[in-house]
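Trainee: One structure coming up, written as structure tokens, with questions to follow.
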Amino acid sequence: MGPVSEPFIKRRDPAPPGSIPDVLAMFVNEVRFYREVAPVVGVRVPACLTAQEDHGSTLLELENLSDWTEGADPAPAARLLAGMHTRWAGQAAARWPWLRAPEAASDLVGKLFDATWPAVASRPECSPAARALGERLVGHVPDVERTAAMAGPETLVHGDASARNMRTSATGEVALLDWEDVGRGPGVADLAWFLVSSVDPGDWDTTIDGYGGSTGLRDTLPSASVQAFLSFSGEPRDSEQALSWVARIEAAARRLA
């Protein structure tokens with residue numbers, strides 16, 4: 001037997017009052033996830049050794065998966081998400097009433113997007129197709145969030161199902177990490193964010209097939225694109241990461257045309 005890895009320690013101070021993490025109770029909800037949901041969730045997550053919360057401060061001691069490969073092949077990852085969504089369809093909200101609603105912070109996100117957009121639109125990497133989509137979203141984020149919330153049957157959602165929050169073992173097992181955004185809503189919202197955040201546009205069709213189809217995807221892509229533009233805004237100019245965000249936003253725009 002090889003050496004046992006030290007646990008991964010995740011400490012959070014209370015979120016600033018009025019911030020998105022505060023409004024969504026993100027840090028506390030991750031503790032609740034590991035206490036209540038993880039034991040029965042039905043997908044691979046890090047084993048939890050400690051899950052504590054004290055007046056908004058949180059402490060998690062988790063299985064260290066640093067020797068697993070970051071990310072996951074898109075189609076198997078989509079199948080994993082689909083299995084979780086099917087398992088908890090129509091049950092998640094009743095079993096865990098504290099799960100956040102899908103549009104819980106839509107007003108705050110809308111104000112952030114509208115304030116960020118002028119700088120995003122002026123960046124040279126922001127292509128005409130991406131810019132046109134962004135212009136359609138300005139002033140309408142709460143509306144697109146409400147539309148996304150009704151895109152399919154309500155279930156348990158990860159909330160940030162990007163490749164950076166996935167790990168793949170040497171045997172091909174996929175684990176989902178970072179459950180701060182856990183909530184309830186249509187499962188296809190996880191698929192939309194996975195596509196826009198992580199999947200090369202050339203692999204979108206096979207990823208959607210892995211999930212089991214695109215029902216509701218058109219209603220969730222605008223919401224996912226809002227988050228994509230905000231993520232793009234934080235990338236260095238002309239970086240590979242920035243250009244990749246634009247390519248995926250363009251793929252979303254083509255499907256919304």
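Residue numbers start at 1 in each chain; chains themselves are named A, B, ... in the order of the structure tokens; ligands are numbered from 1 in the order shown.
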Could you pull out all residues of stretch 31-254 of chain A with a DSSP call of alpha helix (DSSP H) and give them as number ranges by chain?
Mentor: A: 31-32, 74-88, 92-95, 106-121, 128-137, 141-149, 188-198, 204-211, 217-233, 240-254
Trainee: Residues of stretch 112-214 of chain A within 6 Å of stretch 79-86 of chain A: nearest atom pair and distance (Å, one decimal) for each, counting only C-alpha atoms, sorted by chain and number, as a tab-separated table?
Mentor:
```
residue	atom	partner	partner_atom	distance
A:Thr155	CA	A:His85	CA	5.7
A:Gly187	CA	A:His85	CA	5.4
A:Gly210	CA	A:Arg79	CA	5.2
A:Tyr211	CA	A:Arg79	CA	4.9
```
Trainee: Can you write just those residues out, N, CA and C atoms, as a compact mmCIF listing (two decimals), in the first residue's frame?
Mentor:
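Saved result, again.txt, follows:
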```txt
# COMPACT_ATOMS: atom_id res chain seq x y z
N THR A 155 -34.56 18.94 -10.23
CA THR A 155 -33.76 17.86 -9.66
C THR A 155 -32.60 18.46 -8.89
N GLY A 187 -31.96 19.76 -14.62
CA GLY A 187 -30.64 19.18 -14.80
C GLY A 187 -29.92 19.69 -16.03
N GLY A 210 -24.35 12.06 -25.10
CA GLY A 210 -24.02 11.37 -23.87
C GLY A 210 -24.98 11.70 -22.75
N TYR A 211 -25.45 12.93 -22.74
CA TYR A 211 -26.40 13.34 -21.71
C TYR A 211 -27.78 12.73 -21.96
```
Trainee: For each of A:Ala257, A:Leu60, A:Ala170, A:Leu195, take the minimum atom-to-atom distance to A:Ser244, counting only C-alpha atoms, then give the residue where this is smallest.
Mentor: A:Leu195
Trainee: Please report, as a Markdown table, each residue of stretch 124-197 of chain A lying at most 12 Å from stretch 31-47 of chain A, together with the nearest pair of atoms and the separation in Å rounded to one decimal; use only C-alpha atoms, and order rows by chain and ascending residue number.
Mentor:
```
| residue | atom | partner | partner_atom | distance |
| --- | --- | --- | --- | --- |
| A:Thr155 | CA | A:Val41 | CA | 11.6 |
| A:Leu156 | CA | A:Val41 | CA | 9.0 |
| A:Val157 | CA | A:Val41 | CA | 10.7 |
| A:His158 | CA | A:Phe33 | CA | 10.3 |
| A:Asn165 | CA | A:Val45 | CA | 10.4 |
| A:Met166 | CA | A:Val45 | CA | 9.3 |
| A:Arg167 | CA | A:Val45 | CA | 9.5 |
| A:Thr168 | CA | A:Arg44 | CA | 10.2 |
| A:Ser169 | CA | A:Arg44 | CA | 10.7 |
| A:Gly172 | CA | A:Arg44 | CA | 11.7 |
| A:Glu173 | CA | A:Arg44 | CA | 7.9 |
| A:Val174 | CA | A:Arg44 | CA | 6.6 |
| A:Ala175 | CA | A:Arg44 | CA | 4.6 |
| A:Leu176 | CA | A:Val45 | CA | 5.3 |
| A:Leu177 | CA | A:Val45 | CA | 6.2 |
| A:Asp178 | CA | A:Val45 | CA | 9.1 |
| A:Trp179 | CA | A:Phe33 | CA | 7.2 |
| A:Glu180 | CA | A:Val31 | CA | 8.4 |
| A:Asp181 | CA | A:Phe33 | CA | 10.0 |
| A:Val182 | CA | A:Phe33 | CA | 7.5 |
| A:Gly183 | CA | A:Phe33 | CA | 9.6 |
```
Trainee: Residues within 12 Å of A:Pro222, please, as a ChimeraX atom specification. Count only C-alpha atoms; anything in the same chain fewer than 3 positions from it doesn't count.
Mentor: /A:130,133-138,140-149,151,189,192-193,196,216-219,225-229,249-257
Trainee: Could you pull out all residues of stretch 110-210 of chain A with a DSSP call of strand (DSSP E) and give them as a PDB file with N, CA and C atoms, in the first residue's frame?
Mentor:
```pdb
ATOM      1  N   GLU A 154     -37.464  19.613 -12.129  1.00  0.00           N
ATOM      2  CA  GLU A 154     -36.544  20.015 -11.068  1.00  0.00           C
ATOM      3  C   GLU A 154     -35.852  18.794 -10.469  1.00  0.00           C
ATOM      4  N   THR A 155     -34.557  18.938 -10.227  1.00  0.00           N
ATOM      5  CA  THR A 155     -33.763  17.860  -9.661  1.00  0.00           C
ATOM      6  C   THR A 155     -32.599  18.456  -8.888  1.00  0.00           C
ATOM      7  N   LEU A 156     -31.713  17.620  -8.402  1.00  0.00           N
ATOM      8  CA  LEU A 156     -30.477  18.078  -7.769  1.00  0.00           C
ATOM      9  C   LEU A 156     -29.501  18.500  -8.855  1.00  0.00           C
ATOM     10  N   VAL A 157     -28.930  19.706  -8.723  1.00  0.00           N
ATOM     11  CA  VAL A 157     -27.928  20.172  -9.681  1.00  0.00           C
ATOM     12  C   VAL A 157     -26.638  20.526  -8.960  1.00  0.00           C
ATOM     13  N   MET A 166     -14.052  18.525 -11.982  1.00  0.00           N
ATOM     14  CA  MET A 166     -14.114  17.088 -12.218  1.00  0.00           C
ATOM     15  C   MET A 166     -12.707  16.512 -12.142  1.00  0.00           C
ATOM     16  N   ARG A 167     -12.621  15.287 -11.701  1.00  0.00           N
ATOM     17  CA  ARG A 167     -11.366  14.556 -11.671  1.00  0.00           C
ATOM     18  C   ARG A 167     -11.610  13.152 -12.200  1.00  0.00           C
ATOM     19  N   THR A 168     -10.600  12.597 -12.889  1.00  0.00           N
ATOM     20  CA  THR A 168     -10.706  11.259 -13.461  1.00  0.00           C
ATOM     21  C   THR A 168      -9.597  10.384 -12.915  1.00  0.00           C
ATOM     22  N   VAL A 174     -15.007   9.022 -12.722  1.00  0.00           N
ATOM     23  CA  VAL A 174     -15.126  10.482 -12.687  1.00  0.00           C
ATOM     24  C   VAL A 174     -15.726  10.911 -11.353  1.00  0.00           C
ATOM     25  N   ALA A 175     -15.093  11.890 -10.719  1.00  0.00           N
ATOM     26  CA  ALA A 175     -15.582  12.447  -9.464  1.00  0.00           C
ATOM     27  C   ALA A 175     -15.955  13.904  -9.665  1.00  0.00           C
ATOM     28  N   LEU A 176     -16.979  14.356  -8.940  1.00  0.00           N
ATOM     29  CA  LEU A 176     -17.413  15.751  -8.963  1.00  0.00           C
ATOM     30  C   LEU A 176     -16.977  16.423  -7.671  1.00  0.00           C
ATOM     31  N   GLY A 183     -27.668  23.015  -5.773  1.00  0.00           N
ATOM     32  CA  GLY A 183     -29.006  23.582  -5.685  1.00  0.00           C
ATOM     33  C   GLY A 183     -30.017  22.657  -6.317  1.00  0.00           C
ATOM     34  N   ARG A 184     -31.188  23.211  -6.573  1.00  0.00           N
ATOM     35  CA  ARG A 184     -32.256  22.483  -7.255  1.00  0.00           C
ATOM     36  C   ARG A 184     -32.608  23.243  -8.522  1.00  0.00           C
ATOM     37  N   GLY A 185     -33.019  22.511  -9.531  1.00  0.00           N
ATOM     38  CA  GLY A 185     -33.360  23.133 -10.795  1.00  0.00           C
ATOM     39  C   GLY A 185     -33.366  22.101 -11.890  1.00  0.00           C
ATOM     40  N   PRO A 186     -33.536  22.523 -13.132  1.00  0.00           N
ATOM     41  CA  PRO A 186     -33.502  21.574 -14.245  1.00  0.00           C
ATOM     42  C   PRO A 186     -32.083  21.051 -14.466  1.00  0.00           C
TER      43      PRO A 186
END
```
Trainee: Name the residues in contact with A:Leu59 at a cut-off of 12 Å, using only C-alpha atoms, excluding same-chain residues fewer than 2 positions from it; report them as a list of chain:residue names.
Mentor: A:Phe8, A:Ile9, A:Lys10, A:Arg11, A:Arg12, A:Asp13, A:Pro14, A:Phe27, A:Val28, A:Asn29, A:Glu30, A:Val31, A:Arg32, A:Tyr34, A:Cys48, A:Leu49, A:Thr50, A:Ala51, A:Gln52, A:Glu53, A:Asp54, A:His55, A:Gly56, A:Ser57, A:Glu61, A:Leu62
Trainee: Just how far from atom CA of A:Ala121 is atom CA of A:Pro236, in Å to one decimal?
Mentor: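 We find that atom CA of A:Pro236 and atom CA of A:Ala121 lie 14.6 Å from each other.
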Trainee: Find, counting only C-alpha atoms, the residue in A:Pro97, A:Glu6, A:Ser19, A:Ala78 that gets nearest to A:Asn64.
Mentor: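 Of all the options, A:Glu6 lies closest to A:Asn64.
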Trainee: When you count only C-alpha atoms, which of these residues is closest to A:Ile20: A:Cys126, A:Ala161, A:Leu65, A:Leu108?
Mentor: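 Going through A:Cys126, A:Ala161, A:Leu65, A:Leu108 one by one, the smallest distance to A:Ile20 is for A:Leu108.
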Trainee: Which neighbours of A:Leu243 fall inside 12 Å, counting only C-alpha atoms, when residues of the same chain fewer than 2 positions from it are skipped, and could you give them as an mmCIF file with C-alpha atoms, in the first residue's frame?
Mentor:
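Written output follows (out35.cif):
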```
data_model
loop_
_atom_site.group_PDB
_atom_site.id
_atom_site.type_symbol
_atom_site.label_atom_id
_atom_site.label_comp_id
_atom_site.auth_asym_id
_atom_site.auth_seq_id
_atom_site.Cartn_x
_atom_site.Cartn_y
_atom_site.Cartn_z
ATOM 1 C CA ARG A 123 -12.175 43.662 -25.760
ATOM 2 C CA PRO A 124 -10.682 42.770 -29.151
ATOM 3 C CA GLU A 125 -11.239 39.024 -28.626
ATOM 4 C CA CYS A 126 -14.990 39.544 -28.248
ATOM 5 C CA SER A 127 -16.138 38.553 -31.733
ATOM 6 C CA ALA A 130 -20.314 36.876 -29.138
ATOM 7 C CA ASP A 200 -14.698 22.210 -27.341
ATOM 8 C CA ALA A 228 -19.314 32.580 -19.490
ATOM 9 C CA PHE A 229 -18.990 36.299 -20.259
ATOM 10 C CA SER A 231 -15.553 34.308 -16.599
ATOM 11 C CA PHE A 232 -14.122 35.629 -19.860
ATOM 12 C CA SER A 233 -13.874 39.103 -18.310
ATOM 13 C CA GLU A 235 -8.990 36.231 -18.279
ATOM 14 C CA PRO A 236 -5.854 38.018 -19.541
ATOM 15 C CA ARG A 237 -6.267 39.731 -22.894
ATOM 16 C CA ASP A 238 -5.497 37.577 -25.943
ATOM 17 C CA SER A 239 -4.806 34.570 -23.707
ATOM 18 C CA GLU A 240 -5.655 31.037 -24.804
ATOM 19 C CA GLN A 241 -8.241 30.889 -22.032
ATOM 20 C CA TRP A 245 -14.298 31.273 -23.795
ATOM 21 C CA VAL A 246 -15.197 33.263 -26.907
ATOM 22 C CA ALA A 247 -15.241 30.123 -29.079
ATOM 23 C CA ARG A 248 -17.658 28.408 -26.718
ATOM 24 C CA ILE A 249 -19.853 31.514 -26.413
ATOM 25 C CA GLU A 250 -19.996 31.616 -30.214
#
```
Trainee: Taking only C-alpha atoms into account, name the residue in A:Pro128, A:Pro118, A:Gly159, A:Gly90 that is nearest to A:Glu103.
Mentor: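 Closest to A:Glu103 of all the choices is A:Gly159.
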